[in-house]
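Engineer: Have a peek at query-v8.cif (mmCIF, C-alpha atoms).
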data_model
loop_
_atom_site.label_atom_id
_atom_site.label_comp_id
_atom_site.auth_asym_id
_atom_site.auth_seq_id
_atom_site.Cartn_x
_atom_site.Cartn_y
_atom_site.Cartn_z
CA MET D 1 20.36 79.71 -88.98
CA ALA D 2 19.54 83.11 -87.55
CA HIS D 3 21.07 85.98 -89.51
CA ASP D 4 22.58 87.56 -86.38
CA PHE D 5 23.83 84.27 -84.89
CA LEU D 6 27.45 85.41 -84.91
CA THR D 7 26.73 88.96 -83.77
CA LEU D 8 28.41 89.38 -80.39
CA LEU D 9 27.00 91.32 -77.45
CA SER D 10 28.80 92.99 -74.58
CA ARG D 11 28.52 91.50 -71.10
CA ASP D 12 26.21 94.32 -69.99
CA GLU D 13 23.95 93.87 -73.03
CA PHE D 14 23.70 90.16 -72.38
CA GLN D 15 22.90 90.62 -68.69
CA ALA D 16 20.17 93.10 -69.64
CA LEU D 17 18.48 90.35 -71.67
CA LEU D 18 18.18 88.20 -68.54
CA THR D 19 15.92 90.74 -66.83
CA ASP D 20 13.17 89.92 -69.34
CA PHE D 21 12.93 86.29 -68.25
CA PRO D 22 10.01 85.43 -65.92
CA LEU D 23 10.69 85.04 -62.22
CA MET D 24 10.30 81.68 -60.55
CA LYS D 25 7.18 81.05 -58.48
CA THR D 26 7.08 81.84 -54.79
CA GLU D 27 6.91 79.28 -52.01
CA THR D 28 7.14 79.48 -48.24
CA VAL D 29 9.88 77.26 -46.87
CA PRO D 30 11.00 76.33 -43.32
CA LEU D 31 14.30 77.85 -42.29
CA GLU D 32 16.20 74.56 -42.52
CA GLY D 33 15.47 74.41 -46.27
CA VAL D 34 16.27 77.96 -47.42
CA ARG D 35 20.06 77.89 -47.82
CA GLY D 36 20.94 79.12 -51.30
CA ARG D 37 17.36 80.23 -52.04
CA VAL D 38 16.36 83.77 -53.07
CA LEU D 39 14.18 85.92 -50.81
CA THR D 40 11.04 87.15 -52.57
CA GLU D 41 10.14 90.16 -50.43
CA GLU D 42 11.91 92.69 -48.28
CA LEU D 43 12.08 91.42 -44.70
CA LEU D 44 11.30 93.87 -41.90
CA ALA D 45 12.75 93.04 -38.50
CA PRO D 46 9.96 91.89 -36.16
CA GLU D 47 11.98 92.96 -33.11
CA ASP D 48 15.19 94.65 -32.05
CA LEU D 49 18.36 92.57 -32.20
CA PRO D 50 19.77 92.53 -29.60
CA GLN D 51 16.59 93.20 -27.65
CA ALA D 52 18.62 95.00 -24.98
CA THR D 53 22.13 96.40 -24.66
CA ARG D 54 24.34 93.44 -23.77
CA SER D 55 27.91 92.76 -22.75
CA CYS D 56 30.41 91.37 -25.25
CA MET D 57 32.85 90.34 -22.50
CA ASP D 58 33.08 88.87 -19.04
CA GLY D 59 33.85 91.80 -16.77
CA TYR D 60 32.14 94.67 -14.98
CA ALA D 61 29.35 96.99 -16.10
CA VAL D 62 30.41 100.57 -15.41
CA ASN D 63 29.75 104.21 -16.14
CA ALA D 64 32.71 105.07 -18.33
CA ARG D 65 33.08 108.50 -16.72
CA ASP D 66 34.11 106.80 -13.49
CA LEU D 67 37.22 105.40 -15.19
CA PHE D 68 38.54 108.54 -16.84
CA GLY D 69 42.35 108.44 -16.66
CA ALA D 70 42.54 104.93 -15.15
CA SER D 71 45.75 103.06 -16.00
CA GLU D 72 48.16 100.41 -14.72
CA SER D 73 50.02 103.04 -12.72
CA ASN D 74 46.93 104.99 -11.69
CA PRO D 75 44.01 102.55 -11.21
CA SER D 76 40.48 103.52 -10.31
CA TYR D 77 38.44 101.81 -7.59
CA LEU D 78 34.71 101.11 -7.82
CA GLU D 79 32.42 99.57 -5.24
CA LEU D 80 30.94 96.23 -6.34
CA ALA D 81 27.14 96.58 -6.32
CA GLY D 82 26.25 92.99 -7.23
CA ASP D 83 26.26 90.35 -9.96
CA ILE D 84 24.15 90.34 -13.12
CA PRO D 85 22.81 86.90 -14.21
CA VAL D 86 23.10 86.08 -17.89
CA ASP D 87 19.43 85.08 -18.20
CA HIS D 88 17.68 88.00 -16.46
CA ALA D 89 17.56 91.74 -17.02
CA PRO D 90 18.85 93.59 -13.94
CA GLU D 91 16.32 95.67 -12.03
CA GLN D 92 18.97 97.51 -10.01
CA ILE D 93 20.14 100.93 -11.25
CA LEU D 94 23.92 101.33 -11.33
CA GLU D 95 24.96 104.38 -9.36
CA ARG D 96 28.08 106.45 -10.00
CA GLY D 97 31.17 105.07 -8.31
CA HIS D 98 29.84 101.52 -8.47
CA CYS D 99 30.13 98.58 -10.85
CA MET D 100 28.40 95.24 -11.31
CA ALA D 101 29.90 91.92 -12.39
CA ILE D 102 28.50 90.87 -15.78
CA PRO D 103 29.00 87.79 -17.97
CA THR D 104 29.25 87.74 -21.75
CA GLY D 105 25.71 88.25 -23.06
CA GLY D 106 24.43 89.79 -19.83
CA THR D 107 22.11 92.81 -20.05
CA LEU D 108 23.58 96.13 -18.93
CA PRO D 109 21.79 97.77 -16.01
CA GLN D 110 20.37 101.26 -16.24
CA GLY D 111 23.18 103.72 -15.48
CA ALA D 112 25.91 101.64 -17.16
CA ASP D 113 27.25 102.48 -20.60
CA ALA D 114 30.31 100.24 -20.98
CA VAL D 115 31.95 97.03 -19.81
CA VAL D 116 35.53 96.73 -18.62
CA MET D 117 37.13 93.34 -19.31
CA VAL D 118 37.87 91.22 -16.28
CA GLU D 119 41.51 90.97 -17.43
CA HIS D 120 41.98 94.67 -16.55
CA THR D 121 40.60 94.36 -13.03
CA LEU D 122 41.40 92.98 -9.59
CA ASP D 123 38.75 91.95 -7.06
CA MET D 124 39.67 93.44 -3.68
CA GLU D 125 36.82 91.99 -1.58
CA GLY D 126 34.01 94.41 -2.25
CA ASN D 127 35.98 96.92 -4.26
CA ILE D 128 37.19 96.41 -7.80
CA GLU D 129 40.52 97.82 -8.91
CA ILE D 130 40.32 98.83 -12.58
CA ARG D 131 43.54 99.51 -14.49
CA LYS D 132 42.18 100.74 -17.82
CA SER D 133 40.08 103.71 -18.93
CA ILE D 134 37.28 103.03 -21.43
CA ALA D 135 34.79 104.99 -23.50
CA PRO D 136 31.00 104.75 -23.55
CA GLY D 137 29.95 101.79 -25.69
CA ASP D 138 33.16 99.81 -25.20
CA ASN D 139 32.62 96.03 -25.11
CA VAL D 140 28.85 96.25 -25.48
CA MET D 141 26.30 95.34 -28.17
CA LEU D 142 23.75 98.15 -28.36
CA GLN D 143 20.03 97.40 -28.48
CA GLY D 144 18.94 97.19 -32.13
CA GLU D 145 22.53 97.23 -33.37
CA ASP D 146 22.00 94.28 -35.75
CA ALA D 147 18.32 94.86 -36.55
CA THR D 148 15.70 97.45 -35.56
CA THR D 149 11.99 96.73 -35.25
CA GLY D 150 10.13 97.61 -38.45
CA VAL D 151 13.30 98.41 -40.41
CA ALA D 152 14.36 96.33 -43.43
CA CYS D 153 17.12 93.90 -42.53
CA LEU D 154 17.16 91.81 -45.75
CA ALA D 155 16.28 93.05 -49.23
CA ALA D 156 14.14 91.21 -51.75
CA GLY D 157 16.37 89.21 -54.05
CA THR D 158 18.88 88.35 -51.32
CA ARG D 159 20.41 84.91 -51.73
CA LEU D 160 20.21 83.34 -48.29
CA ARG D 161 23.62 82.23 -47.06
CA THR D 162 24.66 80.91 -43.66
CA GLN D 163 24.91 84.40 -42.16
CA GLU D 164 21.46 85.52 -43.37
CA ILE D 165 19.91 82.32 -42.02
CA GLY D 166 21.58 82.99 -38.68
CA LEU D 167 20.01 86.46 -38.66
CA LEU D 168 16.58 85.00 -39.43
CA ALA D 169 16.96 82.49 -36.60
CA ALA D 170 18.01 85.23 -34.18
CA LEU D 171 14.87 87.20 -35.10
CA GLY D 172 12.63 84.16 -34.57
CA VAL D 173 11.70 83.88 -38.25
CA SER D 174 11.07 80.19 -38.89
CA ARG D 175 9.58 80.35 -42.43
CA VAL D 176 10.27 82.74 -45.32
CA GLY D 177 9.01 83.28 -48.86
CA VAL D 178 11.59 82.30 -51.47
CA ARG D 179 11.70 81.68 -55.20
CA SER D 180 11.21 78.07 -56.24
CA ALA D 181 14.48 76.35 -57.04
CA PRO D 182 14.70 76.13 -60.86
CA ARG D 183 14.68 72.63 -62.34
CA VAL D 184 17.52 72.60 -64.82
CA ALA D 185 17.94 69.99 -67.56
CA ILE D 186 21.46 69.44 -68.92
CA LEU D 187 22.00 68.06 -72.41
CA SER D 188 25.40 67.29 -73.91
CA THR D 189 25.65 67.02 -77.70
CA GLY D 190 28.18 65.51 -80.07
CA ASP D 191 29.00 62.22 -81.81
CA GLU D 192 32.39 62.24 -80.13
CA LEU D 193 31.00 62.09 -76.56
CA VAL D 194 30.90 58.94 -74.43
CA PRO D 195 29.79 58.44 -70.80
CA ILE D 196 32.55 58.94 -68.24
CA GLU D 197 32.45 55.22 -67.38
CA SER D 198 33.51 54.36 -70.94
CA ARG D 199 37.05 54.17 -72.22
CA PRO D 200 37.26 56.66 -75.09
CA TRP D 201 38.76 55.55 -78.38
CA PRO D 202 40.80 57.95 -80.55
CA GLY D 203 38.46 60.77 -81.58
CA GLN D 204 36.18 60.31 -78.57
CA VAL D 205 36.06 62.26 -75.30
CA ARG D 206 34.26 61.65 -72.04
CA ASP D 207 31.20 63.78 -71.27
CA VAL D 208 32.74 66.05 -68.66
CA ASN D 209 30.48 69.07 -69.12
CA SER D 210 27.26 67.47 -67.88
CA HIS D 211 28.91 66.76 -64.51
CA THR D 212 30.69 70.08 -64.07
CA VAL D 213 27.63 72.06 -65.19
CA ALA D 214 25.45 70.09 -62.74
CA CYS D 215 27.75 71.22 -59.94
CA LEU D 216 27.47 74.84 -61.07
CA VAL D 217 23.68 74.52 -61.14
CA ARG D 218 23.64 73.23 -57.55
CA GLU D 219 25.96 76.04 -56.44
CA ALA D 220 23.56 78.55 -58.03
CA GLY D 221 20.58 77.05 -56.19
CA GLY D 222 19.11 74.97 -59.02
CA LEU D 223 18.10 71.32 -59.23
CA PRO D 224 20.06 69.63 -62.06
CA MET D 225 18.79 66.71 -64.14
CA SER D 226 20.75 65.06 -66.94
CA LEU D 227 19.11 64.51 -70.34
CA GLY D 228 22.08 62.38 -71.37
CA ILE D 229 24.08 62.67 -74.58
CA SER D 230 22.53 63.57 -77.92
CA PRO D 231 24.41 62.63 -81.12
CA ASP D 232 24.72 65.09 -83.97
CA ASP D 233 21.27 64.29 -85.34
CA LEU D 234 18.91 67.20 -85.91
CA ASP D 235 15.65 65.29 -85.49
CA GLY D 236 16.80 63.55 -82.29
CA LEU D 237 18.25 66.73 -80.83
CA THR D 238 15.03 68.62 -81.61
CA ARG D 239 12.88 65.97 -79.89
CA THR D 240 15.07 65.89 -76.79
CA LEU D 241 15.21 69.69 -76.61
CA ALA D 242 11.42 69.97 -76.94
CA GLU D 243 10.91 67.41 -74.16
CA GLY D 244 13.34 69.27 -71.91
CA VAL D 245 11.72 72.65 -72.50
CA GLY D 246 8.31 71.13 -71.77
CA GLN D 247 9.35 69.57 -68.47
CA PHE D 248 11.99 71.87 -66.97
CA ASP D 249 12.42 75.55 -66.14
CA VAL D 250 15.80 75.79 -67.88
CA VAL D 251 17.57 73.61 -70.44
CA LEU D 252 21.34 73.92 -70.74
CA VAL D 253 22.80 72.55 -73.97
CA SER D 254 26.52 71.88 -74.15
CA GLY D 255 27.95 71.81 -77.66
CA GLY D 256 26.69 72.46 -81.18
CA SER D 257 26.81 76.25 -80.86
CA SER D 258 29.43 77.13 -83.46
CA ALA D 259 28.98 77.41 -87.23
CA GLY D 260 30.14 74.00 -88.42
CA VAL D 261 28.04 71.52 -90.41
CA ARG D 262 27.41 69.43 -87.28
CA ASP D 263 26.59 72.38 -85.02
CA LEU D 264 22.84 71.85 -84.93
CA SER D 265 21.74 73.48 -81.67
CA VAL D 266 20.57 76.73 -83.23
CA GLU D 267 18.44 75.00 -85.87
CA ALA D 268 16.92 72.72 -83.23
CA ILE D 269 16.06 75.75 -81.09
CA GLU D 270 14.39 77.43 -84.05
CA ARG D 271 12.46 74.25 -84.91
CA ILE D 272 10.73 74.31 -81.52
CA GLY D 273 9.87 78.01 -81.86
CA GLY D 274 12.83 79.43 -80.00
CA GLU D 275 15.13 82.32 -80.82
CA VAL D 276 18.84 82.90 -80.25
CA LEU D 277 19.16 86.13 -78.27
CA ALA D 278 22.93 86.23 -77.92
CA HIS D 279 25.97 84.27 -79.04
CA GLY D 280 29.61 84.28 -78.05
#
The structure in this file should be written as structure tokens.
Structural biologist:
Amino acid sequence: MAHDFLTLLSRDEFQALLTDFPLMKTETVPLEGVRGRVLTEELLAPEDLPQATRSCMDGYAVNARDLFGASESNPSYLELAGDIPVDHAPEQILERGHCMAIPTGGTLPQGADAVVMVEHTLDMEGNIEIRKSIAPGDNVMLQGEDATTGVACLAAGTRLRTQEIGLLAALGVSRVGVRSAPRVAILSTGDELVPIESRPWPGQVRDVNSHTVACLVREAGGLPMSLGISPDDLDGLTRTLAEGVGQFDVVLVSGGSSAGVRDLSVEAIERIGGEVLAHG
């Protein structure tokens, strides 16, 4: 047994040890398969998102200065200059004293800097009564607000969740470089363990850890594989551990890590040329 087996490390010291482990290989994966994977390189936005300044509300595109002081008791009136389709950028320039009807997602015309919600307006057949003052930028998404062309939008090492995948889709990125998902072998040890389908006798317990650890591996982005249950037999444990290390990226061993006569994990690790870096 290693001399420093029972020497404890702080959390920070232990985490520092993990930085010395080799990184997983890189692979390029279609967007539908990247959830939970880790981005390998910094991603620069290939375009602005949004590509143009757009409305967040159904309402009217306006120049906010035209509505200074507007209220329920003192409304402002703007001449309706037309409608903006949701799927085309307007060519018309909005002049002062005018407004244009705009749907959610519609592109603001040149000359407009805000959108007033339709709930604060009244259509008076060619003129629009507006009962609320607004500031420039109200109810709009500015061009490049979410991502700017050539600027990093996701850092290397980012774990790709639903929201990051949505950003990639919005930018038209269909494939990204990610770290390979680690193949993780799980080995439970102990004479007292029985499969969960078995009825344990006094002194026996069901092998719970292999199932709960497999779930944790999946949540962390790994691919779990059970190596079954190993009894407290040094030769058998050593063989199984060596096979696991030879076939998988990570081997997780549950049990046998204390200092009792049947706690054999450390000796098995040393038999296959390994070293205990931290304990406890």
Engineer: So, counting all atoms listed in the file, which residue among D:Pro109, D:Gly203, D:Gly33, D:Pro136 is closest to Ile93 (chain D)?
Structural biologist: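 The closest residue to Ile93 (chain D) is D:Pro109.
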Engineer: Set the distance at 9 Å and use only C-alpha atoms: which residues neighbour Val250 (chain D) once local chain neighbours fewer than 4 positions away are removed? I'd like the list as an MDAnalysis selection string.
Structural biologist: chainID D and resid 182:186 244:245
Engineer: Written as number ranges by chain, which residues does the PyMOL selection byres ((chain D and resi 220-224) around 10) give for the file shown?
Structural biologist: D: 34-38, 159, 180-186, 210-211, 213-219, 225-227, 248-252
Engineer: Let me have the centre and edge lengths of the axis-aligned box enclosing all listed atoms of region 53-63 of chain D with 3 Å padding on every side, in Å to one decimal, as JSON.
Structural biologist:
{"center_x": 28.0, "center_y": 96.5, "center_z": -20.1, "size_x": 17.7, "size_y": 21.3, "size_z": 16.3}
Engineer: What is the distance, in Å and to one decimal place, between CA of Ile196 (chain D) and CA of His279 (chain D)?
Structural biologist: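 CA of Ile196 (chain D) sits 28.3 Å away from CA of His279 (chain D).
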Engineer: Please, what distance in Å, to one decimal, runs between CA of Pro30 (chain D) and CA of Gln163 (chain D)?
Structural biologist: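 Interatomic distance, CA of Pro30 (chain D) to CA of Gln163 (chain D): 16.1 Å.
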Engineer: For Val29 (chain D), work out the shell of residues within 9 Å, counting all atoms listed in the file and skipping chain neighbours fewer than 5 positions away, then give it as a PyMOL selection string.
Structural biologist: chain D and resi 34+174-178
Engineer: I'd like the neighbourhood of Leu94 (chain D) as a list in words, where a residue qualifies if any of its atoms comes within 12 Å (using all atoms listed in the file), though same-chain residues fewer than 5 positions away should be ignored.
Structural biologist: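 That gives Tyr60, Ala61, Val62, Asn63, Ala64, Asp66, Leu78, Glu79, Leu80, Ala81, Gly82, Asp83, Ile84, Cys99, Met100, Ala101, Leu108, Pro109, Gln110, Gly111, Ala112, Asp113 and Ala114 of chain D.
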Engineer: Mind giving me the straight-line distance from CA of Pro195 (chain D) to CA of Asn209 (chain D) in Å, one decimal?
Structural biologist: 10.8 Å
Engineer: Could you tell me which of D:Ala152, D:Val118, D:Asn74, D:Ala278 comes closest to Thr7 (chain D) if we count all atoms listed in the file?
Structural biologist: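 Residue with the minimum atom-to-atom distance to Thr7 (chain D): D:Ala278.
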Engineer: Would you kindly translate the PyMOL selection byres ((chain D and resi 173) around 12) into the concrete residues it picks from this file, as a compact mmCIF listing (two decimals) with C-alpha atoms, in the coordinates of the input?
Structural biologist:
# COMPACT_ATOMS: atom_id res chain seq x y z
CA THR D 28 7.14 79.48 -48.24
CA VAL D 29 9.88 77.26 -46.87
CA PRO D 30 11.00 76.33 -43.32
CA LEU D 31 14.30 77.85 -42.29
CA GLU D 32 16.20 74.56 -42.52
CA VAL D 34 16.27 77.96 -47.42
CA LEU D 43 12.08 91.42 -44.70
CA LEU D 44 11.30 93.87 -41.90
CA ALA D 45 12.75 93.04 -38.50
CA PRO D 46 9.96 91.89 -36.16
CA GLU D 47 11.98 92.96 -33.11
CA GLU D 164 21.46 85.52 -43.37
CA ILE D 165 19.91 82.32 -42.02
CA GLY D 166 21.58 82.99 -38.68
CA LEU D 167 20.01 86.46 -38.66
CA LEU D 168 16.58 85.00 -39.43
CA ALA D 169 16.96 82.49 -36.60
CA ALA D 170 18.01 85.23 -34.18
CA LEU D 171 14.87 87.20 -35.10
CA GLY D 172 12.63 84.16 -34.57
CA SER D 174 11.07 80.19 -38.89
CA ARG D 175 9.58 80.35 -42.43
CA VAL D 176 10.27 82.74 -45.32
CA GLY D 177 9.01 83.28 -48.86
Engineer: Evaluated on this file, the PyMOL selection byres ((chain D and resi 56) around 9) picks out some residues - which ones are they, written as a CSV table (one decimal) with C-alpha atoms, keeping the file's coordinate frame?
Structural biologist:
chain,number,residue,atom,x,y,z
D,54,ARG,CA,24.3,93.4,-23.8
D,55,SER,CA,27.9,92.8,-22.8
D,57,MET,CA,32.8,90.3,-22.5
D,58,ASP,CA,33.1,88.9,-19.0
D,103,PRO,CA,29.0,87.8,-18.0
D,104,THR,CA,29.2,87.7,-21.8
D,105,GLY,CA,25.7,88.2,-23.1
D,106,GLY,CA,24.4,89.8,-19.8
D,115,VAL,CA,32.0,97.0,-19.8
D,138,ASP,CA,33.2,99.8,-25.2
D,139,ASN,CA,32.6,96.0,-25.1
D,140,VAL,CA,28.8,96.2,-25.5
D,141,MET,CA,26.3,95.3,-28.2
Engineer: Which polymer residues, protein or nucleic acid, are no farther than 12 Å from (16.1, 86.8, -71.9), counting all atoms listed in the file, as a ChimeraX atom specification?
Structural biologist: /D:13-23,250,274-278
Engineer: Take region 114-125 of chain D, model all heavy atoms, and hand the result over as a PDB file, in the coordinates of the input.
Structural biologist:
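As written to disk, rebuild-v5.pdb reads:
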ATOM      1  N   ALA D 114      29.143 100.938 -20.452  1.00  0.00           N
ATOM      2  CA  ALA D 114      30.310 100.240 -20.980  1.00  0.00           C
ATOM      3  C   ALA D 114      30.611  99.044 -20.090  1.00  0.00           C
ATOM      4  O   ALA D 114      30.056  98.895 -18.990  1.00  0.00           O
ATOM      5  CB  ALA D 114      31.517 101.171 -21.053  1.00  0.00           C
ATOM      6  N   VAL D 115      31.495  98.187 -20.581  1.00  0.00           N
ATOM      7  CA  VAL D 115      31.950  97.030 -19.810  1.00  0.00           C
ATOM      8  C   VAL D 115      33.475  97.012 -19.842  1.00  0.00           C
ATOM      9  O   VAL D 115      34.080  97.135 -20.918  1.00  0.00           O
ATOM     10  CB  VAL D 115      31.403  95.706 -20.380  1.00  0.00           C
ATOM     11  CG1 VAL D 115      32.061  94.501 -19.705  1.00  0.00           C
ATOM     12  CG2 VAL D 115      29.890  95.648 -20.216  1.00  0.00           C
ATOM     13  N   VAL D 116      34.080  96.881 -18.693  1.00  0.00           N
ATOM     14  CA  VAL D 116      35.530  96.730 -18.620  1.00  0.00           C
ATOM     15  C   VAL D 116      35.845  95.247 -18.502  1.00  0.00           C
ATOM     16  O   VAL D 116      35.203  94.523 -17.739  1.00  0.00           O
ATOM     17  CB  VAL D 116      36.126  97.532 -17.446  1.00  0.00           C
ATOM     18  CG1 VAL D 116      35.564  97.069 -16.112  1.00  0.00           C
ATOM     19  CG2 VAL D 116      37.644  97.458 -17.448  1.00  0.00           C
ATOM     20  N   MET D 117      36.793  94.762 -19.300  1.00  0.00           N
ATOM     21  CA  MET D 117      37.130  93.340 -19.310  1.00  0.00           C
ATOM     22  C   MET D 117      37.733  92.933 -17.972  1.00  0.00           C
ATOM     23  O   MET D 117      38.487  93.685 -17.349  1.00  0.00           O
ATOM     24  CB  MET D 117      38.120  93.049 -20.445  1.00  0.00           C
ATOM     25  CG  MET D 117      37.563  93.294 -21.827  1.00  0.00           C
ATOM     26  SD  MET D 117      38.832  93.240 -23.129  1.00  0.00           S
ATOM     27  CE  MET D 117      39.464  91.576 -22.897  1.00  0.00           C
ATOM     28  N   VAL D 118      37.399  91.711 -17.564  1.00  0.00           N
ATOM     29  CA  VAL D 118      37.870  91.220 -16.280  1.00  0.00           C
ATOM     30  C   VAL D 118      39.397  91.173 -16.225  1.00  0.00           C
ATOM     31  O   VAL D 118      40.006  91.291 -15.153  1.00  0.00           O
ATOM     32  CB  VAL D 118      37.256  89.831 -15.976  1.00  0.00           C
ATOM     33  CG1 VAL D 118      37.804  88.759 -16.908  1.00  0.00           C
ATOM     34  CG2 VAL D 118      37.460  89.444 -14.503  1.00  0.00           C
ATOM     35  N   GLU D 119      40.045  91.030 -17.400  1.00  0.00           N
ATOM     36  CA  GLU D 119      41.510  90.970 -17.430  1.00  0.00           C
ATOM     37  C   GLU D 119      42.171  92.264 -16.962  1.00  0.00           C
ATOM     38  O   GLU D 119      43.355  92.257 -16.591  1.00  0.00           O
ATOM     39  CB  GLU D 119      41.986  90.666 -18.861  1.00  0.00           C
ATOM     40  CG  GLU D 119      41.677  89.266 -19.354  1.00  0.00           C
ATOM     41  CD  GLU D 119      40.305  89.140 -19.984  1.00  0.00           C
ATOM     42  OE1 GLU D 119      39.466  90.051 -19.787  1.00  0.00           O
ATOM     43  OE2 GLU D 119      40.067  88.126 -20.663  1.00  0.00           O
ATOM     44  N   HIS D 120      41.416  93.378 -16.953  1.00  0.00           N
ATOM     45  CA  HIS D 120      41.980  94.670 -16.550  1.00  0.00           C
ATOM     46  C   HIS D 120      41.544  95.060 -15.146  1.00  0.00           C
ATOM     47  O   HIS D 120      41.588  96.241 -14.781  1.00  0.00           O
ATOM     48  CB  HIS D 120      41.550  95.760 -17.537  1.00  0.00           C
ATOM     49  CG  HIS D 120      41.969  95.500 -18.946  1.00  0.00           C
ATOM     50  ND1 HIS D 120      43.284  95.344 -19.320  1.00  0.00           N
ATOM     51  CD2 HIS D 120      41.231  95.341 -20.080  1.00  0.00           C
ATOM     52  CE1 HIS D 120      43.343  95.116 -20.627  1.00  0.00           C
ATOM     53  NE2 HIS D 120      42.122  95.094 -21.104  1.00  0.00           N
ATOM     54  N   THR D 121      41.125  94.068 -14.371  1.00  0.00           N
ATOM     55  CA  THR D 121      40.600  94.360 -13.030  1.00  0.00           C
ATOM     56  C   THR D 121      41.224  93.453 -11.979  1.00  0.00           C
ATOM     57  O   THR D 121      41.855  92.445 -12.300  1.00  0.00           O
ATOM     58  CB  THR D 121      39.071  94.169 -13.000  1.00  0.00           C
ATOM     59  OG1 THR D 121      38.775  92.782 -13.154  1.00  0.00           O
ATOM     60  CG2 THR D 121      38.397  94.961 -14.108  1.00  0.00           C
ATOM     61  N   LEU D 122      40.991  93.812 -10.729  1.00  0.00           N
ATOM     62  CA  LEU D 122      41.400  92.980  -9.590  1.00  0.00           C
ATOM     63  C   LEU D 122      40.330  93.101  -8.516  1.00  0.00           C
ATOM     64  O   LEU D 122      39.985  94.211  -8.083  1.00  0.00           O
ATOM     65  CB  LEU D 122      42.754  93.443  -9.034  1.00  0.00           C
ATOM     66  CG  LEU D 122      43.261  92.706  -7.793  1.00  0.00           C
ATOM     67  CD1 LEU D 122      43.540  91.236  -8.128  1.00  0.00           C
ATOM     68  CD2 LEU D 122      44.511  93.377  -7.228  1.00  0.00           C
ATOM     69  N   ASP D 123      39.778  91.968  -8.099  1.00  0.00           N
ATOM     70  CA  ASP D 123      38.750  91.950  -7.060  1.00  0.00           C
ATOM     71  C   ASP D 123      39.431  92.094  -5.704  1.00  0.00           C
ATOM     72  O   ASP D 123      40.253  91.268  -5.305  1.00  0.00           O
ATOM     73  CB  ASP D 123      37.976  90.631  -7.120  1.00  0.00           C
ATOM     74  CG  ASP D 123      36.758  90.633  -6.197  1.00  0.00           C
ATOM     75  OD1 ASP D 123      36.671  91.508  -5.314  1.00  0.00           O
ATOM     76  OD2 ASP D 123      35.891  89.760  -6.381  1.00  0.00           O
ATOM     77  N   MET D 124      39.062  93.155  -4.975  1.00  0.00           N
ATOM     78  CA  MET D 124      39.670  93.440  -3.680  1.00  0.00           C
ATOM     79  C   MET D 124      38.623  93.353  -2.567  1.00  0.00           C
ATOM     80  O   MET D 124      38.539  94.212  -1.696  1.00  0.00           O
ATOM     81  CB  MET D 124      40.334  94.823  -3.703  1.00  0.00           C
ATOM     82  CG  MET D 124      41.376  94.971  -4.810  1.00  0.00           C
ATOM     83  SD  MET D 124      42.234  96.551  -4.769  1.00  0.00           S
ATOM     84  CE  MET D 124      43.163  96.426  -3.233  1.00  0.00           C
ATOM     85  N   GLU D 125      37.808  92.284  -2.619  1.00  0.00           N
ATOM     86  CA  GLU D 125      36.820  91.990  -1.580  1.00  0.00           C
ATOM     87  C   GLU D 125      35.855  93.155  -1.354  1.00  0.00           C
ATOM     88  O   GLU D 125      35.867  93.801  -0.298  1.00  0.00           O
ATOM     89  CB  GLU D 125      37.511  91.613  -0.267  1.00  0.00           C
ATOM     90  CG  GLU D 125      38.371  90.370  -0.382  1.00  0.00           C
ATOM     91  CD  GLU D 125      38.990  89.980   0.965  1.00  0.00           C
ATOM     92  OE1 GLU D 125      38.749  90.705   1.959  1.00  0.00           O
ATOM     93  OE2 GLU D 125      39.701  88.976   0.995  1.00  0.00           O
TER      94      GLU D 125
END
